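As provided, entry.cif (mmCIF, C-alpha atoms) reads as follows.
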```cif
data_entry
#
loop_
_atom_site.group_PDB
_atom_site.id
_atom_site.type_symbol
_atom_site.label_atom_id
_atom_site.label_comp_id
_atom_site.auth_asym_id
_atom_site.auth_seq_id
_atom_site.Cartn_x
_atom_site.Cartn_y
_atom_site.Cartn_z
ATOM 1 C CA MET A 7 -94.901 -23.759 38.797
ATOM 2 C CA ILE A 8 -92.617 -26.771 39.111
ATOM 3 C CA LYS A 9 -94.464 -28.482 36.224
ATOM 4 C CA GLU A 10 -94.009 -25.382 34.075
ATOM 5 C CA ASP A 11 -90.253 -25.343 34.788
ATOM 6 C CA LYS A 12 -90.006 -29.043 33.891
ATOM 7 C CA LEU A 13 -91.868 -28.435 30.645
ATOM 8 C CA LYS A 14 -89.561 -25.538 29.753
ATOM 9 C CA ASP A 15 -86.558 -27.707 30.535
ATOM 10 C CA THR A 16 -87.858 -30.529 28.340
ATOM 11 C CA ILE A 17 -88.564 -28.145 25.462
ATOM 12 C CA LYS A 18 -85.056 -26.723 25.830
ATOM 13 C CA LYS A 19 -83.550 -30.233 25.716
ATOM 14 C CA ILE A 20 -85.590 -31.202 22.636
ATOM 15 C CA SER A 21 -84.621 -27.961 20.934
ATOM 16 C CA THR A 22 -80.895 -28.612 21.593
ATOM 17 C CA LEU A 23 -81.259 -32.183 20.310
ATOM 18 C CA CYS A 24 -82.976 -30.955 17.131
ATOM 19 C CA SER A 25 -80.204 -28.399 16.554
ATOM 20 C CA LEU A 26 -77.570 -31.116 16.918
ATOM 21 C CA LEU A 27 -79.470 -33.389 14.518
ATOM 22 C CA ILE A 28 -79.752 -30.635 11.915
ATOM 23 C CA LEU A 29 -76.026 -29.853 12.322
ATOM 24 C CA ASN A 30 -75.183 -33.544 11.929
ATOM 25 C CA ILE A 31 -77.286 -33.865 8.761
ATOM 26 C CA PHE A 32 -75.658 -30.709 7.382
ATOM 27 C CA LEU A 33 -72.135 -31.999 8.140
ATOM 28 C CA SER A 34 -72.903 -35.435 6.616
ATOM 29 C CA ALA A 35 -74.269 -33.854 3.443
ATOM 30 C CA SER A 36 -71.315 -31.509 3.107
ATOM 31 C CA ALA A 37 -68.934 -34.463 3.483
ATOM 32 C CA PHE A 38 -69.981 -35.596 0.019
ATOM 33 C CA SER A 39 -69.508 -32.266 -1.671
ATOM 34 C CA GLU A 40 -66.458 -31.280 -3.686
ATOM 35 C CA GLN A 41 -63.409 -30.278 -1.624
ATOM 36 C CA SER A 42 -65.252 -31.355 1.528
ATOM 37 C CA ILE A 43 -62.071 -32.928 2.790
ATOM 38 C CA GLU A 44 -60.539 -29.453 3.092
ATOM 39 C CA LYS A 45 -63.483 -28.479 5.304
ATOM 40 C CA GLU A 46 -63.122 -31.679 7.301
ATOM 41 C CA TYR A 47 -59.430 -30.918 7.810
ATOM 42 C CA LYS A 48 -60.208 -27.360 8.980
ATOM 43 C CA ASN A 49 -62.978 -28.605 11.282
ATOM 44 C CA LYS A 50 -60.625 -31.100 12.893
ATOM 45 C CA VAL A 51 -57.914 -28.463 13.368
ATOM 46 C CA HIS A 52 -60.559 -26.239 14.984
ATOM 47 C CA ALA A 53 -61.744 -29.122 17.194
ATOM 48 C CA TYR A 54 -58.128 -29.884 18.173
ATOM 49 C CA ASN A 55 -57.432 -26.246 19.115
ATOM 50 C CA HIS A 56 -60.671 -26.029 21.074
ATOM 51 C CA ALA A 57 -59.821 -29.242 22.935
ATOM 52 C CA ILE A 58 -56.358 -27.930 23.813
ATOM 53 C CA SER A 59 -57.813 -24.637 25.051
ATOM 54 C CA THR A 60 -60.162 -26.523 27.384
ATOM 55 C CA ASN A 61 -57.491 -29.019 28.549
ATOM 56 C CA ALA A 62 -59.415 -31.882 26.890
ATOM 57 C CA TYR A 63 -56.188 -33.593 25.792
ATOM 58 C CA ASP A 64 -57.792 -36.982 25.093
ATOM 59 C CA VAL A 65 -60.129 -35.319 22.573
ATOM 60 C CA ALA A 66 -57.177 -33.402 21.126
ATOM 61 C CA TYR A 67 -55.196 -36.649 20.732
ATOM 62 C CA GLU A 68 -58.081 -38.281 18.836
ATOM 63 C CA GLN A 69 -58.395 -35.271 16.513
ATOM 64 C CA ALA A 70 -54.646 -35.289 15.825
ATOM 65 C CA GLU A 71 -54.781 -39.010 14.980
ATOM 66 C CA LEU A 72 -57.649 -38.325 12.565
ATOM 67 C CA LEU A 73 -55.760 -35.430 10.975
ATOM 68 C CA LEU A 74 -52.785 -37.734 10.383
ATOM 69 C CA SER A 75 -55.121 -40.365 8.947
ATOM 70 C CA LEU A 76 -56.431 -37.785 6.475
ATOM 71 C CA ASP A 77 -52.896 -36.813 5.493
ATOM 72 C CA PRO A 78 -50.086 -39.036 6.826
ATOM 73 C CA SER A 79 -47.507 -36.560 5.469
ATOM 74 C CA ASP A 80 -48.763 -33.680 7.644
ATOM 75 C CA THR A 81 -45.812 -32.765 9.872
ATOM 76 C CA MET A 82 -47.818 -30.154 11.809
ATOM 77 C CA SER A 83 -50.391 -32.774 12.806
ATOM 78 C CA LEU A 84 -47.625 -34.996 14.169
ATOM 79 C CA LEU A 85 -46.660 -32.075 16.409
ATOM 80 C CA ARG A 86 -50.328 -31.855 17.448
ATOM 81 C CA LEU A 87 -50.305 -35.572 18.293
ATOM 82 C CA VAL A 88 -47.031 -35.512 20.226
ATOM 83 C CA TYR A 89 -48.024 -32.383 22.187
ATOM 84 C CA SER A 90 -51.390 -33.849 23.255
ATOM 85 C CA SER A 91 -49.610 -37.123 24.019
ATOM 86 C CA LYS A 92 -47.201 -35.307 26.338
ATOM 87 C CA MET A 93 -50.020 -33.466 28.086
ATOM 88 C CA LEU A 94 -51.897 -36.759 28.550
ATOM 89 C CA ASN A 95 -48.815 -38.629 29.795
ATOM 90 C CA LYS A 96 -49.745 -41.211 27.181
ATOM 91 C CA TYR A 97 -46.970 -42.146 24.798
ATOM 92 C CA ASP A 98 -47.569 -45.019 22.398
ATOM 93 C CA VAL A 99 -44.102 -45.463 20.894
ATOM 94 C CA ASP A 100 -45.244 -47.783 18.062
ATOM 95 C CA VAL A 101 -48.057 -45.522 16.890
ATOM 96 C CA ILE A 102 -46.028 -42.305 17.104
ATOM 97 C CA ASP A 103 -42.984 -43.904 15.429
ATOM 98 C CA SER A 104 -45.252 -45.158 12.665
ATOM 99 C CA PHE A 105 -46.662 -41.662 12.053
ATOM 100 C CA THR A 106 -43.180 -40.119 12.294
ATOM 101 C CA LYS A 107 -41.918 -42.250 9.397
ATOM 102 C CA SER A 108 -44.477 -40.861 6.967
ATOM 103 C CA VAL A 109 -44.489 -37.131 7.731
ATOM 104 C CA ALA A 110 -42.867 -34.808 5.217
ATOM 105 C CA ARG A 111 -39.310 -33.544 5.494
ATOM 106 C CA ALA A 112 -39.485 -31.358 2.425
ATOM 107 C CA THR A 113 -39.354 -27.772 3.652
ATOM 108 C CA ARG A 114 -37.304 -25.918 6.236
ATOM 109 C CA GLN A 115 -40.472 -25.541 8.303
ATOM 110 C CA ASP A 116 -41.057 -29.340 8.212
ATOM 111 C CA LYS A 117 -37.536 -29.878 9.519
ATOM 112 C CA GLU A 118 -37.897 -27.267 12.262
ATOM 113 C CA VAL A 119 -41.212 -28.799 13.385
ATOM 114 C CA LEU A 120 -39.592 -32.255 13.418
ATOM 115 C CA ALA A 121 -36.704 -30.956 15.553
ATOM 116 C CA PHE A 122 -39.258 -29.528 18.011
ATOM 117 C CA ILE A 123 -41.156 -32.857 18.034
ATOM 118 C CA LYS A 124 -37.887 -34.635 18.826
ATOM 119 C CA ALA A 125 -37.303 -32.251 21.751
ATOM 120 C CA ILE A 126 -40.780 -33.009 23.155
ATOM 121 C CA GLN A 127 -40.202 -36.748 22.695
ATOM 122 C CA THR A 128 -36.892 -36.486 24.547
ATOM 123 C CA SER A 129 -38.579 -34.656 27.427
ATOM 124 C CA ILE A 130 -41.230 -37.414 27.611
ATOM 125 C CA GLN A 131 -38.514 -40.064 27.756
ATOM 126 C CA VAL A 132 -36.666 -38.098 30.465
ATOM 127 C CA ASN A 133 -39.881 -37.828 32.511
ATOM 128 C CA THR A 134 -40.740 -41.532 32.155
ATOM 129 C CA SER A 135 -37.221 -42.635 33.142
ATOM 130 C CA ASP A 136 -37.307 -40.502 36.342
ATOM 131 C CA MET B 5 -30.136 -61.886 -11.316
ATOM 132 C CA SER B 6 -29.571 -58.426 -9.913
ATOM 133 C CA ASN B 7 -28.849 -57.777 -6.268
ATOM 134 C CA THR B 8 -31.973 -55.678 -5.798
ATOM 135 C CA SER B 9 -34.690 -56.740 -3.390
ATOM 136 C CA ILE B 10 -37.360 -55.820 -5.931
ATOM 137 C CA ALA B 11 -38.762 -59.061 -7.331
ATOM 138 C CA GLN B 12 -38.069 -59.729 -10.978
ATOM 139 C CA CYS B 13 -41.368 -61.061 -12.225
ATOM 140 C CA ALA B 14 -43.198 -60.848 -15.510
ATOM 141 C CA PHE B 15 -46.512 -59.006 -15.749
ATOM 142 C CA PRO B 16 -49.229 -60.268 -15.515
ATOM 143 C CA PHE B 17 -48.850 -62.125 -12.299
ATOM 144 C CA PRO B 18 -48.807 -64.760 -10.914
ATOM 145 C CA HIS B 19 -48.666 -67.531 -13.591
ATOM 146 C CA LYS B 20 -46.373 -69.596 -11.357
ATOM 147 C CA CYS B 21 -44.204 -66.602 -10.626
ATOM 148 C CA ASN B 22 -41.721 -67.779 -7.959
ATOM 149 C CA GLY B 23 -44.504 -69.940 -6.508
ATOM 150 C CA LYS B 24 -45.710 -67.015 -4.411
ATOM 151 C CA TRP B 25 -49.166 -65.690 -3.697
ATOM 152 C CA GLY B 26 -49.953 -62.237 -4.940
ATOM 153 C CA VAL B 27 -52.075 -59.109 -4.826
ATOM 154 C CA ARG B 28 -52.677 -57.466 -8.180
ATOM 155 C CA PHE B 29 -54.008 -53.928 -8.630
ATOM 156 C CA GLU B 30 -55.675 -53.549 -12.032
ATOM 157 C CA ASN B 31 -55.730 -50.293 -13.993
ATOM 158 C CA GLN B 32 -57.748 -47.305 -12.796
ATOM 159 C CA GLY B 33 -61.390 -47.434 -13.842
ATOM 160 C CA THR B 34 -61.758 -51.187 -13.399
ATOM 161 C CA THR B 35 -64.373 -50.652 -10.678
ATOM 162 C CA SER B 36 -67.362 -48.307 -10.689
ATOM 163 C CA ASN B 37 -66.197 -46.675 -7.443
ATOM 164 C CA LYS B 38 -64.868 -43.114 -7.829
ATOM 165 C CA VAL B 39 -62.239 -43.373 -5.080
ATOM 166 C CA TYR B 40 -61.312 -47.065 -4.927
ATOM 167 C CA ASP B 41 -61.368 -47.350 -8.688
ATOM 168 C CA GLN B 42 -59.019 -50.323 -9.187
ATOM 169 C CA LYS B 43 -59.955 -53.973 -9.047
ATOM 170 C CA VAL B 44 -57.663 -55.768 -6.578
ATOM 171 C CA THR B 45 -57.256 -59.514 -7.002
ATOM 172 C CA VAL B 46 -55.749 -61.826 -4.384
ATOM 173 C CA PHE B 47 -54.135 -64.922 -5.892
ATOM 174 C CA ALA B 48 -53.040 -68.156 -4.244
ATOM 175 C CA GLU B 49 -49.593 -69.639 -4.974
ATOM 176 C CA ASP B 50 -51.051 -71.837 -7.728
ATOM 177 C CA GLY B 51 -52.639 -68.824 -9.425
ATOM 178 C CA THR B 52 -56.214 -69.450 -8.350
ATOM 179 C CA VAL B 53 -58.231 -66.361 -7.446
ATOM 180 C CA ILE B 54 -58.974 -66.127 -3.708
ATOM 181 C CA GLY B 55 -60.936 -62.886 -3.835
ATOM 182 C CA VAL B 56 -61.582 -59.655 -5.707
ATOM 183 C CA TYR B 57 -61.810 -56.279 -3.940
ATOM 184 C CA ARG B 58 -61.863 -52.513 -4.537
ATOM 185 C CA GLY B 59 -58.740 -50.462 -3.920
ATOM 186 C CA SER B 60 -56.364 -47.827 -5.179
ATOM 187 C CA SER B 61 -52.618 -47.951 -5.764
ATOM 188 C CA THR B 62 -52.331 -44.161 -5.867
ATOM 189 C CA PRO B 63 -52.287 -41.671 -2.949
ATOM 190 C CA ASN B 64 -54.731 -38.891 -2.025
ATOM 191 C CA PRO B 65 -55.439 -36.663 -5.054
ATOM 192 C CA TYR B 66 -54.332 -33.518 -3.170
ATOM 193 C CA LYS B 67 -53.260 -32.251 0.255
ATOM 194 C CA PRO B 68 -56.307 -31.714 2.477
ATOM 195 C CA LYS B 69 -54.791 -28.580 3.989
ATOM 196 C CA ASP B 70 -54.161 -27.080 0.534
ATOM 197 C CA SER B 71 -56.002 -28.572 -2.428
ATOM 198 C CA THR B 72 -53.832 -26.635 -4.875
ATOM 199 C CA ILE B 73 -50.987 -29.069 -4.081
ATOM 200 C CA LYS B 74 -52.007 -32.006 -6.263
ATOM 201 C CA GLY B 75 -50.844 -35.276 -7.810
ATOM 202 C CA THR B 76 -47.111 -35.946 -7.876
ATOM 203 C CA LYS B 77 -46.460 -32.486 -6.352
ATOM 204 C CA ALA B 78 -48.351 -33.664 -3.254
ATOM 205 C CA TYR B 79 -47.340 -37.311 -2.818
ATOM 206 C CA PRO B 80 -45.071 -39.982 -4.340
ATOM 207 C CA PHE B 81 -46.636 -42.452 -6.796
ATOM 208 C CA VAL B 82 -45.164 -45.970 -6.715
ATOM 209 C CA GLN B 83 -43.783 -46.914 -10.103
ATOM 210 C CA LYS B 84 -45.403 -49.709 -12.100
ATOM 211 C CA GLY B 85 -43.821 -53.013 -11.110
ATOM 212 C CA THR B 86 -43.851 -56.108 -8.920
ATOM 213 C CA TYR B 87 -42.625 -55.864 -5.329
ATOM 214 C CA PRO B 88 -42.247 -58.231 -2.361
ATOM 215 C CA LEU B 89 -45.205 -58.213 0.044
ATOM 216 C CA THR B 90 -45.512 -59.576 3.584
ATOM 217 C CA HIS B 91 -47.824 -59.257 6.551
ATOM 218 C CA GLY B 92 -46.836 -56.565 9.048
ATOM 219 C CA SER B 93 -48.338 -53.572 10.766
ATOM 220 C CA HIS B 94 -49.459 -50.058 9.951
ATOM 221 C CA ARG B 95 -49.909 -47.706 12.915
ATOM 222 C CA GLY B 96 -49.953 -50.666 15.271
ATOM 223 C CA LYS B 97 -52.646 -52.570 13.359
ATOM 224 C CA PRO B 98 -52.268 -55.521 10.935
ATOM 225 C CA ALA B 99 -51.558 -54.516 7.337
ATOM 226 C CA LEU B 100 -49.324 -55.559 4.416
ATOM 227 C CA VAL B 101 -45.757 -54.303 4.052
ATOM 228 C CA VAL B 102 -44.248 -53.654 0.619
ATOM 229 C CA ASN B 103 -40.561 -54.497 0.041
ATOM 230 C CA ASN B 104 -39.863 -54.941 3.769
ATOM 231 C CA ASN B 105 -40.271 -51.168 4.290
ATOM 232 C CA ALA B 106 -37.249 -50.477 2.068
ATOM 233 C CA ASN B 107 -37.310 -48.069 -0.883
ATOM 234 C CA VAL B 108 -39.500 -48.675 -3.911
ATOM 235 C CA PRO B 109 -39.135 -46.536 -7.038
ATOM 236 C CA THR B 110 -41.549 -43.660 -7.629
ATOM 237 C CA THR B 111 -42.608 -42.015 -10.881
ATOM 238 C CA GLU B 112 -41.275 -38.572 -9.889
ATOM 239 C CA LEU B 113 -39.066 -37.019 -7.214
ATOM 240 C CA ASN B 114 -40.640 -37.790 -3.830
ATOM 241 C CA PRO B 115 -42.192 -34.403 -2.916
ATOM 242 C CA ASN B 116 -42.255 -35.155 0.823
ATOM 243 C CA PHE B 117 -38.776 -36.691 1.045
ATOM 244 C CA PRO B 118 -36.781 -34.965 -1.726
ATOM 245 C CA GLU B 119 -33.525 -36.248 -0.237
ATOM 246 C CA GLN B 120 -34.647 -39.794 -1.153
ATOM 247 C CA GLY B 121 -34.868 -38.896 -4.837
ATOM 248 C CA LYS B 122 -37.342 -40.953 -6.873
ATOM 249 C CA ASN B 123 -37.994 -43.431 -4.068
ATOM 250 C CA ALA B 124 -40.416 -43.985 -1.205
ATOM 251 C CA ASN B 125 -40.107 -46.273 1.819
ATOM 252 C CA TYR B 126 -42.517 -47.601 4.436
ATOM 253 C CA ILE B 127 -45.072 -48.357 1.754
ATOM 254 C CA HIS B 128 -47.925 -50.414 3.222
ATOM 255 C CA ILE B 129 -51.201 -51.686 1.825
ATOM 256 C CA HIS B 130 -53.687 -50.391 4.380
ATOM 257 C CA TRP B 131 -57.353 -49.569 4.911
ATOM 258 C CA GLY B 132 -58.679 -46.379 3.353
ATOM 259 C CA TYR B 133 -59.704 -43.476 5.605
ATOM 260 C CA SER B 134 -63.327 -43.466 4.403
ATOM 261 C CA SER B 135 -65.483 -44.284 1.404
ATOM 262 C CA SER B 136 -64.669 -40.869 -0.065
ATOM 263 C CA TRP B 137 -61.028 -40.295 0.977
ATOM 264 C CA LYS B 138 -58.064 -42.675 0.825
ATOM 265 C CA GLY B 139 -55.913 -41.159 3.558
ATOM 266 C CA SER B 140 -52.779 -42.217 1.702
ATOM 267 C CA ALA B 141 -49.472 -40.369 1.353
ATOM 268 C CA GLY B 142 -48.142 -42.912 -1.154
ATOM 269 C CA CYS B 143 -49.511 -46.263 0.006
ATOM 270 C CA PRO B 144 -51.981 -48.464 -1.873
ATOM 271 C CA THR B 145 -55.325 -48.619 -0.031
ATOM 272 C CA ILE B 146 -58.339 -50.904 0.122
ATOM 273 C CA ASP B 147 -61.937 -49.711 0.474
ATOM 274 C CA PRO B 148 -62.449 -49.669 4.279
ATOM 275 C CA LEU B 149 -65.732 -51.557 3.846
ATOM 276 C CA GLN B 150 -63.746 -54.487 2.400
ATOM 277 C CA TRP B 151 -60.553 -54.206 4.444
ATOM 278 C CA GLU B 152 -61.232 -56.972 6.971
ATOM 279 C CA SER B 153 -62.275 -59.537 4.359
ATOM 280 C CA PHE B 154 -59.365 -58.525 2.093
ATOM 281 C CA LEU B 155 -56.795 -59.027 4.853
ATOM 282 C CA ARG B 156 -58.312 -62.380 5.814
ATOM 283 C CA ALA B 157 -58.029 -63.506 2.176
ATOM 284 C CA VAL B 158 -54.302 -62.754 1.871
ATOM 285 C CA PRO B 159 -52.276 -65.954 2.484
ATOM 286 C CA LYS B 160 -49.575 -66.113 5.163
ATOM 287 C CA GLY B 161 -45.871 -65.833 4.371
ATOM 288 C CA ASN B 162 -44.218 -63.981 1.512
ATOM 289 C CA GLY B 163 -46.003 -62.829 -1.605
ATOM 290 C CA LEU B 164 -45.856 -60.184 -4.291
ATOM 291 C CA VAL B 165 -47.833 -57.089 -5.169
ATOM 292 C CA ILE B 166 -48.315 -55.809 -8.683
ATOM 293 C CA ILE B 167 -48.761 -52.084 -9.240
ATOM 294 C CA PRO B 168 -49.998 -51.177 -12.741
#
```
How does the structure come out when it is put into structure tokens?
Amino acid sequence: MIKEDKLKDTIKKISTLCSLLILNIFLSASAFSEQSIEKEYKNKVHAYNHAISTNAYDVAYEQAELLLSLDPSDTMSLLRLVYSSKMLNKYDVDVIDSFTKSVARATRQDKEVLAFIKAIQTSIQVNTSD
Amino acid sequence: MSNTSIAQCAFPFPHKCNGKWGVRFENQGTTSNKVYDQKVTVFAEDGTVIGVYRGSSTPNPYKPKDSTIKGTKAYPFVQKGTYPLTHGSHRGKPALVVNNNANVPTTELNPNFPEQGKNANYIHIHWGYSSSWKGSAGCPTIDPLQWESFLRAVPKGNGLVIIP
């Protein structure tokens, strides 16, 4: 009975591993297709949101950094980075300043997001000086 | 001599131009790579070639969150010319800084910073995001596979970059 359970468990593990491998191959292949970068962007936004919803702020921070590396002008992704940074109590001034310099200030929404980012940054500075 | 910080230097470079080393981006299509499609040559002060690499002097072709926003509507394109170049940092890592982070002229109104007019600042030569995507909002990039060797080849001190 115990042997049977172990066998089932092993089969389950192999099956999960195979699924992950197939998913990985599929994602790698799609990365080379036309407009795949749009999919990559959406996948990273999804991964970021999922990480936030599960309080995995370190994962969220990494995804936000990658989103900004895909598009350094993406103001919304700077907000993603600064928010996860605040939740992690990890604030790398040089890196965040560097990203801040390249995000867009073209639309009213960009400017409103930047004002919100500034408010979060101020709250981080207030907390660290306490 | 004008008061501008943009170097006045004849193209092609260097040919004993100010006795400085240089990085020259050739025209698009000078490599067989689809993304990093410009030959990038690093010259010593005396004009000898230190190394040849793959890169791109133009930004991402479109915004990844909306591929209908393309070309100069998406990002600024640095105008053809010769600009001062020094070692510095990009997101906390070593990279090359164009014109001491001050404005350089762009071909059209900067779509991300319209208040700056036809200019862009904080232009750096940095590593590309991947072999298929530059990850640039206006900066020249080098194929990430060649980034480390490219940066090692660039001499210390002040040089020039040529954008075609």
- Interatomic distance, CA of Ser104 (chain A) to CA of Leu84 (chain A) (Å, one decimal): 10.5 Å
- Go through the shown structure with the PyMOL selection byres ((chain B and resi 149-159) around 8) and write out the matching residues as JSON, numbers by chain. {"B": [25, 27, 46, 48, 54, 55, 57, 58, 99, 130, 131, 135, 146, 147, 148, 160, 161]}
- Message: Around (-52.5, -34.9, 2.0), as given in the file, which residues come within 8 Å? Count all atoms listed in the file and list them as a ChimeraX atom specification.
- Response: /A:76-80 /B:64-69,78-79,139-141
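With all atoms listed in the file as the atoms that count, the minimum distance from Asp70 (chain B) to the choices A:Gln127, A:Ser42, A:Thr106, A:Ser59 is reached by A:Ser42.
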- Note on the structure: From CA of Lys107 (chain A) to CA of Ile130 (chain A) the spacing works out at 18.9 Å
